[in-house]
$ cat final02.txt   # compact mmCIF, C-alpha atoms
# COMPACT_ATOMS: atom_id res chain seq x y z
CA VAL A 157 2.43 7.50 -8.17
CA SER A 158 3.82 10.87 -9.24
CA GLY A 159 5.26 12.43 -12.34
CA LYS A 160 4.14 14.26 -15.48
CA ALA A 161 1.63 11.64 -16.65
CA ASN A 162 -0.14 11.56 -13.30
CA ARG A 163 -0.30 15.36 -13.12
CA LYS A 164 -1.85 15.42 -16.57
CA LYS A 165 -4.38 12.74 -15.61
CA ASN A 166 -5.47 14.73 -12.56
CA SER A 167 -5.38 18.16 -14.18
CA GLY A 168 -8.37 20.19 -13.05
CA MET A 169 -9.51 17.55 -10.59
CA ALA A 170 -9.79 17.78 -6.82
CA LYS A 171 -6.50 17.47 -4.97
CA TRP A 172 -8.23 15.84 -1.99
CA TYR A 173 -7.55 18.56 0.56
CA ASN A 174 -10.71 18.70 2.61
CA TRP A 175 -11.95 21.07 5.29
CA THR A 176 -13.95 18.98 7.79
CA LEU A 177 -16.50 21.26 9.45
CA GLY A 178 -19.04 20.91 12.25
CA GLY A 179 -19.75 17.59 13.89
CA VAL A 180 -19.13 16.91 17.57
CA LYS A 181 -16.21 17.32 19.94
CA PRO A 182 -14.69 14.28 21.70
CA ASP A 183 -17.12 14.89 24.61
CA GLY A 184 -20.11 14.73 22.26
CA SER A 185 -21.01 18.44 22.31
CA ASP A 186 -21.60 20.41 19.12
CA ALA A 187 -18.33 21.47 17.48
CA ALA A 188 -19.72 24.09 15.07
CA ASN A 189 -18.48 27.62 15.70
CA GLU A 190 -17.85 30.92 13.97
CA LEU A 191 -14.94 29.46 11.96
CA THR A 192 -17.32 26.82 10.55
CA ARG A 193 -19.46 29.60 9.13
CA LEU A 194 -16.48 31.61 7.91
CA VAL A 195 -15.18 28.69 5.85
CA LEU A 196 -18.61 28.28 4.24
CA LYS A 197 -18.71 32.02 3.56
CA ALA A 198 -15.21 31.88 2.03
CA ALA A 199 -16.34 29.07 -0.28
CA LEU A 200 -19.31 31.16 -1.38
CA ASP A 201 -17.19 34.30 -1.86
CA THR A 202 -14.36 32.67 -3.81
CA ARG A 203 -16.43 30.09 -5.76
CA LEU A 204 -13.43 27.81 -6.21
CA PRO A 205 -13.56 23.99 -6.35
CA HIS A 206 -10.45 23.69 -4.12
CA HIS A 207 -10.23 23.09 -1.25
CA THR A 208 -13.38 21.08 -0.94
CA CYS A 209 -15.24 21.10 2.37
CA THR A 210 -17.47 18.67 4.22
CA LEU A 211 -20.05 19.48 6.87
CA ARG A 212 -20.57 16.85 9.57
CA VAL A 213 -24.23 16.64 10.61
CA HIS A 214 -25.54 15.19 13.89
CA LYS A 215 -28.81 15.30 15.82
CA ASP A 216 -27.96 18.66 17.43
CA THR A 217 -26.68 20.37 14.28
CA SER A 218 -28.82 23.47 13.77
CA LEU A 219 -30.95 23.71 10.64
CA ASP A 220 -29.60 27.26 10.27
CA LEU A 221 -26.05 25.91 9.83
CA ILE A 222 -27.21 23.29 7.32
CA VAL A 223 -29.00 26.05 5.38
CA GLU A 224 -25.76 28.08 5.34
CA GLY A 225 -24.12 25.07 3.72
CA LEU A 226 -27.01 24.72 1.28
CA LYS A 227 -26.58 28.35 0.21
CA VAL A 228 -23.13 27.36 -1.05
CA VAL A 229 -24.75 24.40 -2.82
CA GLN A 230 -27.41 26.71 -4.23
CA ALA A 231 -24.67 28.70 -5.96
CA GLY A 232 -23.80 25.62 -8.03
CA LEU A 233 -20.47 24.77 -6.38
CA GLY A 234 -21.31 21.14 -5.60
CA LEU A 235 -19.98 21.63 -2.07
CA PRO A 236 -20.02 21.21 0.84
CA ALA A 237 -20.56 17.50 1.07
CA PHE A 238 -22.77 16.56 4.03
CA VAL A 239 -21.92 13.48 6.10
CA GLY A 240 -23.67 11.75 8.99
CA ASP A 241 -21.75 11.74 12.28
CA GLU A 242 -23.72 8.79 13.64
CA SER A 243 -22.79 6.39 10.83
CA TYR A 244 -19.13 7.44 10.61
CA ILE A 245 -18.65 7.24 14.39
CA LYS A 246 -20.34 3.83 14.53
CA PHE A 247 -18.00 2.55 11.80
CA PHE A 248 -15.03 3.38 14.00
CA THR A 249 -16.46 2.19 17.32
CA ASP A 250 -17.52 -1.10 15.69
CA HIS A 251 -13.81 -1.57 14.89
CA GLY A 252 -12.79 -0.99 18.49
CA VAL A 253 -11.91 2.71 18.31
CA PRO A 254 -12.69 4.50 21.62
CA LEU A 255 -15.76 6.72 21.36
CA GLU A 256 -13.85 9.93 22.12
CA ASP A 257 -11.41 9.20 19.26
CA ALA A 258 -14.20 8.14 16.90
CA ARG A 259 -15.97 11.46 17.44
CA ASP A 260 -12.81 13.24 16.30
CA PHE A 261 -12.85 11.76 12.77
CA CYS A 262 -12.13 13.86 9.70
CA MET A 263 -12.32 13.46 5.94
CA THR A 264 -9.13 12.38 4.21
CA GLY A 265 -9.44 12.61 0.46
CA CYS A 266 -13.08 13.12 -0.41
CA LEU A 267 -15.04 10.93 2.00
CA ASP A 268 -12.52 8.51 3.53
CA GLY A 269 -13.01 8.73 7.28
CA ASN A 270 -9.89 8.68 9.46
CA ILE A 271 -8.84 9.59 13.00
CA PRO A 272 -6.09 12.25 12.82
CA ALA A 273 -2.67 10.75 13.64
CA LYS A 274 -4.23 7.39 14.63
CA THR A 275 -5.46 5.79 11.39
CA ARG A 276 -4.58 6.09 7.72
CA THR A 277 -5.98 4.97 4.40
CA GLN A 278 -3.18 3.81 2.14
CA THR A 279 -4.39 1.71 -0.80
CA VAL A 280 -7.83 1.88 -2.42
CA ILE A 281 -8.91 -0.14 -5.47
CA MET A 282 -11.99 0.84 -7.43
CA PHE A 283 -13.64 -2.58 -7.55
CA ILE A 284 -16.21 -2.73 -10.38
CA VAL A 285 -18.88 -5.09 -9.03
CA ALA A 286 -20.85 -4.70 -12.26
CA GLN A 287 -17.88 -6.07 -14.23
CA VAL A 288 -17.75 -9.13 -11.97
CA PHE A 289 -21.47 -9.63 -12.59
CA ASP A 290 -20.98 -9.33 -16.37
CA ILE A 291 -18.18 -11.92 -16.24
CA PHE A 292 -20.32 -14.14 -13.99
CA MET A 293 -23.14 -14.00 -16.55
CA HIS A 294 -20.62 -15.37 -19.08
CA ASN A 295 -19.35 -18.15 -16.78
CA GLY A 296 -16.01 -16.52 -15.99
CA TRP A 297 -15.37 -15.19 -19.49
CA CYS A 298 -14.51 -11.52 -20.16
CA ASN A 299 -15.78 -10.38 -23.55
CA PHE A 300 -13.47 -7.36 -23.54
CA SER A 301 -10.20 -9.25 -23.07
CA ASN A 302 -11.52 -12.40 -24.80
CA GLU A 303 -10.24 -14.68 -22.06
CA LYS A 304 -11.45 -16.57 -19.04
CA VAL A 305 -10.53 -14.45 -16.03
CA LEU A 306 -12.67 -15.73 -13.14
CA LEU A 307 -14.28 -18.95 -11.96
CA GLU A 308 -16.56 -21.16 -13.99
CA THR A 309 -19.64 -20.95 -11.78
CA GLY A 310 -21.97 -22.55 -14.31
CA GLU A 311 -23.88 -21.49 -17.41
CA VAL A 312 -26.61 -19.12 -16.23
CA THR A 313 -29.06 -20.78 -18.65
CA GLN A 314 -28.86 -23.94 -16.51
CA PHE A 315 -29.91 -22.46 -13.16
CA LYS A 316 -33.36 -23.69 -12.12
CA THR A 317 -34.09 -21.13 -9.40
CA PHE A 318 -33.17 -17.55 -8.62
CA GLU A 319 -31.57 -18.76 -5.39
CA GLU A 320 -29.13 -20.95 -7.37
CA PHE A 321 -28.35 -18.00 -9.63
CA GLU A 322 -27.78 -15.67 -6.67
CA GLU A 323 -25.58 -18.16 -4.80
CA ALA A 324 -23.37 -18.66 -7.87
CA PHE A 325 -22.94 -14.89 -8.26
CA TYR A 326 -21.83 -14.54 -4.63
CA LYS A 327 -19.31 -17.33 -5.14
CA GLN A 328 -17.88 -15.40 -8.10
CA LEU A 329 -17.87 -12.14 -6.14
CA ASP A 330 -16.02 -13.77 -3.23
CA TYR A 331 -13.32 -15.08 -5.58
CA ALA A 332 -12.87 -11.72 -7.30
CA LEU A 333 -12.68 -9.85 -3.98
CA HIS A 334 -9.88 -12.13 -2.79
CA LEU A 335 -7.99 -11.50 -6.04
CA ALA A 336 -8.38 -7.73 -5.68
CA ALA A 337 -7.31 -7.86 -2.03
CA GLU A 338 -4.15 -9.71 -3.02
CA ARG A 339 -3.43 -7.05 -5.64
CA ASN A 340 -3.79 -4.47 -2.83
CA ASN A 341 -1.29 -6.44 -0.77
CA ILE A 342 1.27 -6.40 -3.57
CA GLU A 343 0.97 -2.63 -3.88
CA MET A 344 1.16 -2.14 -0.13
CA ILE A 345 4.29 -4.24 0.21
CA SER A 346 5.85 -2.35 -2.71
CA GLN A 347 5.05 0.98 -1.07
CA ARG A 348 6.50 -0.19 2.23
CA GLU A 349 9.75 -1.38 0.64
CA LEU A 350 10.27 1.33 -1.99
CA PHE A 351 8.55 4.52 -0.83
CA PRO A 352 9.11 5.23 2.89
CA ASP A 353 7.33 8.37 4.10
CA PRO A 354 9.27 9.87 7.04
CA PHE A 355 7.36 13.16 7.15
CA ARG A 356 3.89 11.65 7.54
CA SER A 357 5.33 8.91 9.73
CA ALA A 358 6.52 11.52 12.22
CA LEU A 359 3.03 13.03 12.40
CA MET A 360 1.34 9.77 13.39
CA GLU A 361 0.70 9.11 17.07
CA GLY A 362 3.90 7.79 18.63
CA GLY A 363 5.75 8.29 15.36
CA ILE A 364 8.96 9.67 16.88
CA GLU A 365 8.96 7.19 19.76
CA GLU A 366 8.34 4.22 17.45
CA GLY A 367 11.04 5.33 15.03
CA LYS A 368 9.33 3.37 12.25
CA ASP A 369 7.85 4.30 8.91
CA LEU A 370 4.05 4.43 9.09
CA LEU A 371 3.93 1.66 6.46
CA ASN A 372 5.89 -0.58 8.80
CA ARG A 373 3.42 -0.12 11.64
CA THR A 374 0.10 -1.76 12.48
CA PHE A 375 -2.31 0.56 14.26
CA ALA A 376 -4.97 -0.37 16.82
CA PHE A 377 -7.51 -0.03 14.01
CA ASP A 378 -5.77 -0.46 10.69
CA ASN A 379 -7.81 1.47 8.14
CA ALA A 380 -5.18 1.10 5.42
CA SER A 381 -6.45 -1.31 2.75
CA CYS A 382 -9.81 -0.62 1.10
CA LEU A 383 -11.79 -2.05 -1.80
CA CYS A 384 -14.26 0.45 -3.16
CA ALA A 385 -17.52 -1.03 -4.50
CA VAL A 386 -18.64 0.53 -7.81
CA GLY A 387 -21.72 -0.44 -9.81
CA VAL A 388 -23.60 -2.37 -7.11
CA ILE A 389 -26.84 -0.56 -7.95
CA ASN A 390 -26.64 -1.72 -11.58
CA VAL A 391 -26.20 -5.29 -10.33
CA ALA A 392 -29.13 -5.02 -7.91
CA ASP A 393 -31.36 -3.64 -10.69
CA SER A 394 -30.18 -6.40 -13.03
CA MET A 395 -30.90 -9.13 -10.50
CA ALA A 396 -34.32 -7.65 -9.77
CA ALA A 397 -35.18 -7.73 -13.47
CA ILE A 398 -33.98 -11.34 -13.80
CA LYS A 399 -35.95 -12.46 -10.76
CA LYS A 400 -39.15 -10.81 -11.95
CA LEU A 401 -39.09 -11.48 -15.68
CA VAL A 402 -37.15 -14.77 -15.91
CA PHE A 403 -37.75 -16.73 -12.70
CA ASP A 404 -41.05 -15.39 -11.30
CA GLU A 405 -43.16 -14.40 -14.32
CA LYS A 406 -41.22 -16.59 -16.78
CA LYS A 407 -41.91 -14.04 -19.50
CA TYR A 408 -38.41 -14.61 -20.93
CA THR A 409 -35.89 -17.41 -20.67
CA MET A 410 -32.31 -16.89 -19.57
CA LYS A 411 -31.24 -18.04 -23.02
CA GLU A 412 -33.28 -15.24 -24.61
CA LEU A 413 -31.83 -12.74 -22.15
CA MET A 414 -28.25 -13.78 -22.90
CA ALA A 415 -28.88 -13.45 -26.62
CA ALA A 416 -30.24 -9.93 -26.09
CA LEU A 417 -27.29 -8.93 -23.90
CA ASP A 418 -24.74 -10.29 -26.37
CA ALA A 419 -26.51 -8.31 -29.10
CA ASN A 420 -26.32 -5.19 -26.89
CA TRP A 421 -30.14 -5.19 -26.95
CA GLU A 422 -30.12 -4.46 -30.70
CA GLY A 423 -33.09 -6.21 -32.31
CA TYR A 424 -34.69 -6.87 -28.91
CA GLU A 425 -36.44 -3.53 -28.47
CA GLU A 426 -39.66 -4.76 -26.83
CA MET A 427 -37.73 -7.03 -24.49
CA HIS A 428 -35.34 -4.17 -23.72
CA LYS A 429 -38.29 -2.00 -22.75
CA ASP A 430 -39.54 -4.65 -20.32
CA PHE A 431 -36.15 -4.93 -18.62
CA LEU A 432 -35.81 -1.14 -18.42
CA ASN A 433 -39.26 -0.96 -16.82
CA ALA A 434 -38.53 -3.67 -14.25
CA PRO A 435 -38.34 -2.44 -10.59
CA LYS A 436 -35.35 -0.18 -9.97
CA TYR A 437 -33.51 0.88 -6.83
CA GLY A 438 -34.32 4.43 -5.73
CA ASN A 439 -38.11 4.16 -5.83
CA ASN A 440 -38.67 2.58 -2.38
CA GLU A 441 -39.44 -0.82 -3.94
CA ASP A 442 -38.37 -3.75 -1.80
CA LEU A 443 -37.19 -6.11 -4.56
CA PRO A 444 -34.27 -4.04 -5.94
CA ASP A 445 -33.65 -2.23 -2.64
CA ASN A 446 -33.27 -5.47 -0.68
CA LEU A 447 -31.02 -6.95 -3.34
CA ALA A 448 -28.76 -3.88 -3.08
CA ARG A 449 -28.83 -4.24 0.72
CA ASP A 450 -27.82 -7.91 0.49
CA ILE A 451 -24.99 -7.33 -1.99
CA TYR A 452 -23.50 -4.56 0.16
CA SER A 453 -23.84 -6.72 3.27
CA TYR A 454 -22.13 -9.71 1.62
CA TYR A 455 -19.36 -7.50 0.22
CA ALA A 456 -18.59 -6.03 3.66
CA LYS A 457 -18.67 -9.34 5.51
CA CYS A 458 -16.39 -10.97 2.94
CA LEU A 459 -13.76 -8.21 3.15
CA ASN A 460 -13.82 -8.24 6.94
CA THR A 461 -12.40 -11.79 6.81
CA ILE A 462 -9.45 -10.98 4.50
CA ASP A 463 -6.05 -10.05 5.98
CA HIS A 464 -3.96 -7.29 4.45
CA ALA A 465 -0.22 -6.82 4.32
CA TYR A 466 0.02 -4.25 7.12
CA GLY A 467 -1.70 -6.48 9.66
CA GLY A 468 -5.38 -5.52 9.63
CA LYS A 469 -8.43 -6.57 7.64
CA VAL A 470 -9.49 -5.22 4.24
CA ILE A 471 -11.99 -2.39 4.71
CA PRO A 472 -15.18 -2.04 2.64
CA THR A 473 -15.85 1.38 1.20
CA ALA A 474 -18.14 2.62 -1.55
CA ILE A 475 -17.22 5.88 -3.26
CA SER A 476 -17.01 5.90 -7.03
CA ILE A 477 -15.25 9.29 -7.45
CA SER A 478 -15.20 9.11 -11.28
CA ALA A 479 -14.75 5.33 -11.64
CA HIS A 480 -18.35 4.78 -12.77
CA GLN A 481 -17.37 6.13 -16.20
CA PRO A 482 -14.20 4.11 -17.01
CA GLY A 483 -15.71 1.22 -15.05
CA GLY A 484 -18.72 1.31 -17.34
CA LEU A 485 -16.45 1.11 -20.38
CA ALA A 486 -15.33 -2.33 -19.17
CA VAL A 487 -18.86 -3.70 -18.67
CA GLY A 488 -21.09 -5.20 -21.36
CA ALA A 489 -24.86 -4.85 -21.63
CA LEU A 490 -26.68 -5.61 -18.38
CA PRO A 491 -30.16 -6.93 -17.55
CA ASP A 492 -31.09 -3.57 -15.97
CA GLY A 493 -31.37 -2.29 -19.55
CA ARG A 494 -28.03 -0.50 -19.64
CA LYS A 495 -26.12 -0.96 -22.90
CA ALA A 496 -22.48 -1.99 -23.22
CA LYS A 497 -19.84 0.57 -22.24
CA GLU A 498 -22.41 3.05 -20.89
CA ILE A 499 -21.72 4.80 -17.61
CA LEU A 500 -22.71 3.10 -14.35
CA ALA A 501 -24.71 4.60 -11.47
CA ASP A 502 -22.74 7.61 -10.23
CA GLY A 503 -22.55 6.74 -6.54
CA SER A 504 -22.90 3.79 -4.24
CA MET A 505 -26.27 4.92 -2.84
CA SER A 506 -27.39 6.84 -5.93
CA PRO A 507 -29.96 5.29 -8.29
CA MET A 508 -29.00 4.68 -11.89
CA HIS A 509 -29.54 7.99 -13.68
CA GLY A 510 -33.09 8.43 -14.92
CA MET A 511 -34.41 5.42 -12.97
CA ASP A 512 -35.60 7.20 -9.81
CA LEU A 513 -39.15 8.16 -10.67
CA ASN A 514 -40.77 8.77 -7.28
CA GLY A 515 -38.87 11.81 -6.02
CA PRO A 516 -36.01 12.38 -3.57
CA LEU A 517 -37.77 10.96 -0.50
CA ALA A 518 -38.15 7.58 -2.22
CA VAL A 519 -34.41 7.62 -3.04
CA LEU A 520 -33.59 8.17 0.64
CA GLN A 521 -36.01 5.44 1.73
CA SER A 522 -34.23 3.02 -0.61
CA ALA A 523 -30.79 4.04 0.66
CA MET A 524 -31.82 3.76 4.31
CA LYS A 525 -32.52 0.03 3.85
CA ILE A 526 -28.77 -0.51 3.38
CA ASP A 527 -26.48 -0.87 6.41
CA GLN A 528 -24.04 1.92 5.65
CA ASP A 529 -22.36 1.74 9.07
CA GLU A 530 -20.26 -1.22 7.83
CA TYR A 531 -18.57 1.01 5.24
CA GLN A 532 -15.74 3.49 5.63
CA ALA A 533 -17.68 5.74 3.24
CA THR A 534 -20.68 5.74 0.92
CA LEU A 535 -21.80 8.24 -1.67
CA LEU A 536 -25.24 9.60 -2.56
CA ASN A 537 -25.46 12.28 -5.25
CA MET A 538 -28.62 14.26 -5.97
CA LYS A 539 -29.32 16.72 -8.74
CA PHE A 540 -31.71 19.65 -8.50
CA HIS A 541 -32.71 22.30 -11.01
CA PRO A 542 -32.02 25.81 -9.63
CA SER A 543 -35.77 26.50 -9.69
CA ALA A 544 -36.22 23.94 -6.89
CA LEU A 545 -34.03 25.94 -4.50
CA LYS A 546 -35.13 29.53 -5.05
CA THR A 547 -36.34 30.56 -1.61
CA GLU A 548 -35.21 30.32 2.00
CA GLN A 549 -38.18 28.04 2.62
CA ASP A 550 -36.94 25.70 -0.14
CA LEU A 551 -33.55 25.49 1.58
CA TYR A 552 -35.09 24.72 4.99
CA LYS A 553 -37.21 21.93 3.48
CA LEU A 554 -34.08 20.41 1.94
CA ALA A 555 -32.21 20.86 5.24
CA VAL A 556 -34.88 18.88 7.11
CA MET A 557 -34.77 16.09 4.53
CA LEU A 558 -30.96 15.99 4.62
CA LYS A 559 -30.75 15.96 8.43
CA THR A 560 -33.38 13.22 8.67
CA TYR A 561 -31.39 11.00 6.32
CA LEU A 562 -28.00 11.65 7.94
CA THR A 563 -29.28 10.98 11.47
CA ASN A 564 -31.06 7.75 10.49
CA GLY A 565 -28.30 5.64 8.96
CA GLY A 566 -27.35 7.77 5.97
CA LYS A 567 -23.64 8.46 5.57
CA HIS A 568 -23.28 11.08 2.84
CA MET A 569 -25.27 13.38 0.59
CA GLN A 570 -24.08 15.88 -2.00
CA PHE A 571 -25.86 18.03 -4.57
CA ASN A 572 -25.42 19.41 -8.04
CA VAL A 573 -27.60 22.46 -8.68
CA VAL A 574 -27.33 23.62 -12.26
CA ALA A 575 -29.62 24.09 -15.24
CA ARG A 576 -29.03 22.08 -18.39
CA GLU A 577 -29.44 25.28 -20.39
CA GLU A 578 -26.51 26.90 -18.61
CA LEU A 579 -24.28 23.89 -19.26
CA VAL A 580 -25.13 24.02 -22.97
CA GLU A 581 -24.45 27.77 -23.10
CA ALA A 582 -21.18 27.35 -21.20
CA LYS A 583 -20.00 24.88 -23.81
CA LYS A 584 -20.67 27.44 -26.54
CA GLU A 585 -19.29 30.48 -24.72
CA PRO A 586 -17.12 29.37 -21.78
CA GLU A 587 -15.74 32.88 -21.23
CA LYS A 588 -19.22 34.02 -20.13
CA HIS A 589 -19.57 31.25 -17.54
CA ARG A 590 -16.24 31.33 -15.75
CA GLU A 591 -17.83 30.82 -12.33
CA LEU A 592 -19.55 27.60 -13.39
CA VAL A 593 -17.94 24.68 -11.55

$ encode --input "final02.txt" --output "structure tokens"
Amino acid sequence: VSGKANRKKNSGMAKWYNWTLGGVKPDGSDAANELTRLVLKAALDTRLPHHTCTLRVHKDTSLDLIVEGLKVVQAGLGLPAFVGDESYIKFFTDHGVPLEDARDFCMTGCLDGNIPAKTRTQTVIMFIVAQVFDIFMHNGWCNFSNEKVLLETGEVTQFKTFEEFEEAFYKQLDYALHLAAERNNIEMISQRELFPDPFRSALMEGGIEEGKDLLNRTFAFDNASCLCAVGVINVADSMAAIKKLVFDEKKYTMKELMAALDANWEGYEEMHKDFLNAPKYGNNEDLPDNLARDIYSYYAKCLNTIDHAYGGKVIPTAISISAHQPGGLAVGALPDGRKAKEILADGSMSPMHGMDLNGPLAVLQSAMKIDQDEYQATLLNMKFHPSALKTEQDLYKLAVMLKTYLTNGGKHMQFNVVAREELVEAKKEPEKHRELV
């Protein structure tokens, strides 16, 4: 989509041009070189949000190079992003891409992995899993549109066990994913018929010889149609609270919970406190972590059975970009303690804000329980106060933590380093904080 309205919507936002740095060459050797360091230096010198850059990290990536990237982070730029070669490469090889090609992946957009000239991502829906859960809790009814929009899977007050409850939710999720995939197909067919793209088509492998538009071709691995999971962590936390407080401890009934949710927790303050204090993802606690793992696993397996209009299967991905904010506006109060219309967790592997209480290592331990290799991309944001990254030693400690995560199943990590006080001051006197990204 183009035009004035779209330009206004995206004003000031990233334009999705991405320098992909580091990683490995097709033969598996380290690809970092002097240009890698020069791009990082240019980002630090110019302090601009565009173009963004991403540093690929593998087992032989030097800590010194990671620290050079972290010095850019330390300046408050929010870049580079750091991604794990092992998980991205495995995603491609699991889909039949030859290892040499898989090693040559790059970032298209922010974190969408693709093989230059051999794969493309065409249509991506931000799929709000938390909204499906909210509708499921109301037996297919959407309180925002005041209509029945999904299946009637049963009144949640009638489920006798957590297993019945969980099974009914997955049935609802499956139905909604098929609907969203069909919506993707409609858009893809429209693009193919109405918006041919001869320039990009010519740049794809065999483009001139094929003589076809890239939207009229099926590639060996067709990475074109994606559904992007948003709000899974809120659902996992909600299910953990329900299992603990409703089914296991029986401290509250489902009827009482539904009344509290429909009242947006108003008048249920003590109950609200209990649900807020229930186990939360990001603290290395098995109950919410394993529920998040299971939801992501089910989501991926379901999509891998659905055909898309260009000839491949629908691809699971999990980057929220900014969809956790408008997505949250479409979701009522949840059993994790979140109130209606509040923002959702800001990344697919990130805890809900304020709910990670055991430090960054616990967050990574939670995230590493999830099979991220199944996904085209995942997203883990972390926030540090500038005082935490003052010295070279601080940066090396963070580099070790980051490398450990990205070489043990982690797919992405990115940092915001800024003091609240500076943000407040910048709001009052923006002209004095022009370098603040």

$ residues_around --input "final02.txt" --residues "stretch 496-498 of chain A" --least-positions-apart "5" --cutoff "7 Å" --atoms "all atoms listed in the file" --output "ChimeraX atom specification"
/A:420,484-489

$ write_last_selection --input "final02.txt" --atoms "C-alpha atoms" --output "short mmCIF file (atom, residue, chain, number, x, y, z; two decimals), keeping the file's coordinate frame"
data_model
loop_
_atom_site.label_atom_id
_atom_site.label_comp_id
_atom_site.auth_asym_id
_atom_site.auth_seq_id
_atom_site.Cartn_x
_atom_site.Cartn_y
_atom_site.Cartn_z
CA ASN A 420 -26.32 -5.19 -26.89
CA GLY A 484 -18.72 1.31 -17.34
CA LEU A 485 -16.45 1.11 -20.38
CA ALA A 486 -15.33 -2.33 -19.17
CA VAL A 487 -18.86 -3.70 -18.67
CA GLY A 488 -21.09 -5.20 -21.36
CA ALA A 489 -24.86 -4.85 -21.63
#

$ closest_atom_pairs --input "final02.txt" --of "stretch 368-487 of chain A" --to "stretch 328-340 of chain A" --cutoff "9 Å" --atoms "only C-alpha atoms" --output "CSV"
residue,atom,partner,partner_atom,distance
A:Ser381,CA,A:Asn340,CA,6.9
A:Cys382,CA,A:Asn340,CA,8.2
A:Leu383,CA,A:Ala337,CA,7.3
A:Tyr454,CA,A:Asp330,CA,8.8
A:Tyr455,CA,A:Asp330,CA,7.9
A:Cys458,CA,A:Asp330,CA,6.8
A:Leu459,CA,A:Leu333,CA,7.4
A:Ile462,CA,A:His334,CA,7.4
A:Asp463,CA,A:Ala337,CA,8.4
A:His464,CA,A:Ala337,CA,7.3
A:Ala465,CA,A:Asn340,CA,8.3
A:Val470,CA,A:Ala337,CA,7.1

$ write_last_selection --input "final02.txt" --atoms "C-alpha atoms" --output "PDB file, in the frame of the given file"
ATOM      1  CA  SER A 381      -6.450  -1.310   2.750  1.00  0.00           C
ATOM      2  CA  CYS A 382      -9.810  -0.620   1.100  1.00  0.00           C
ATOM      3  CA  LEU A 383     -11.790  -2.050  -1.800  1.00  0.00           C
ATOM      4  CA  TYR A 454     -22.130  -9.710   1.620  1.00  0.00           C
ATOM      5  CA  TYR A 455     -19.360  -7.500   0.220  1.00  0.00           C
ATOM      6  CA  CYS A 458     -16.390 -10.970   2.940  1.00  0.00           C
ATOM      7  CA  LEU A 459     -13.760  -8.210   3.150  1.00  0.00           C
ATOM      8  CA  ILE A 462      -9.450 -10.980   4.500  1.00  0.00           C
ATOM      9  CA  ASP A 463      -6.050 -10.050   5.980  1.00  0.00           C
ATOM     10  CA  HIS A 464      -3.960  -7.290   4.450  1.00  0.00           C
ATOM     11  CA  ALA A 465      -0.220  -6.820   4.320  1.00  0.00           C
ATOM     12  CA  VAL A 470      -9.490  -5.220   4.240  1.00  0.00           C
TER      13      VAL A 470
END

$ closest_atom_pairs --input "final02.txt" --of "stretch 426-480 of chain A" --to "stretch 527-549 of chain A" --cutoff "12 Å" --atoms "all atoms listed in the file" --output "JSON lines"
{"residue": "A:Gly438", "atom": "CA", "partner": "A:Leu536", "partner_atom": "CA", "distance": 10.9}
{"residue": "A:Asp445", "atom": "CA", "partner": "A:Asp527", "partner_atom": "CA", "distance": 11.6}
{"residue": "A:Asn446", "atom": "CA", "partner": "A:Asp527", "partner_atom": "CA", "distance": 10.8}
{"residue": "A:Ala448", "atom": "CA", "partner": "A:Asp527", "partner_atom": "CA", "distance": 10.2}
{"residue": "A:Arg449", "atom": "CA", "partner": "A:Asp527", "partner_atom": "CA", "distance": 7.0}
{"residue": "A:Asp450", "atom": "CA", "partner": "A:Asp527", "partner_atom": "CA", "distance": 9.3}
{"residue": "A:Ile451", "atom": "CA", "partner": "A:Asp527", "partner_atom": "CA", "distance": 10.7}
{"residue": "A:Tyr452", "atom": "CA", "partner": "A:Asp527", "partner_atom": "CA", "distance": 7.8}
{"residue": "A:Ser453", "atom": "CA", "partner": "A:Asp527", "partner_atom": "CA", "distance": 7.1}
{"residue": "A:Tyr454", "atom": "CA", "partner": "A:Glu530", "partner_atom": "CA", "distance": 10.7}
{"residue": "A:Tyr455", "atom": "CA", "partner": "A:Glu530", "partner_atom": "CA", "distance": 9.9}
{"residue": "A:Ala456", "atom": "CA", "partner": "A:Glu530", "partner_atom": "CA", "distance": 6.6}
{"residue": "A:Lys457", "atom": "CA", "partner": "A:Glu530", "partner_atom": "CA", "distance": 8.6}
{"residue": "A:Cys458", "atom": "CA", "partner": "A:Glu530", "partner_atom": "CA", "distance": 11.6}
{"residue": "A:Leu459", "atom": "CA", "partner": "A:Tyr531", "partner_atom": "CA", "distance": 10.6}
{"residue": "A:Asn460", "atom": "CA", "partner": "A:Glu530", "partner_atom": "CA", "distance": 9.6}
{"residue": "A:Val470", "atom": "CA", "partner": "A:Gln532", "partner_atom": "CA", "distance": 10.8}
{"residue": "A:Ile471", "atom": "CA", "partner": "A:Gln532", "partner_atom": "CA", "distance": 7.0}
{"residue": "A:Pro472", "atom": "CA", "partner": "A:Tyr531", "partner_atom": "CA", "distance": 5.2}
{"residue": "A:Thr473", "atom": "CA", "partner": "A:Tyr531", "partner_atom": "CA", "distance": 4.9}
{"residue": "A:Ala474", "atom": "CA", "partner": "A:Thr534", "partner_atom": "CA", "distance": 4.7}
{"residue": "A:Ile475", "atom": "CA", "partner": "A:Leu535", "partner_atom": "CA", "distance": 5.4}
{"residue": "A:Ser476", "atom": "CA", "partner": "A:Leu535", "partner_atom": "CA", "distance": 7.6}
{"residue": "A:Ile477", "atom": "CA", "partner": "A:Leu535", "partner_atom": "CA", "distance": 8.8}
{"residue": "A:Ser478", "atom": "CA", "partner": "A:Leu535", "partner_atom": "CA", "distance": 11.7}

$ residues_around --input "final02.txt" --residues "A:Lys197" --least-positions-apart "6" --cutoff "10 Å" --atoms "only C-alpha atoms" --output "PyMOL selection string"
chain A and resi 191+203+224-225+227-228
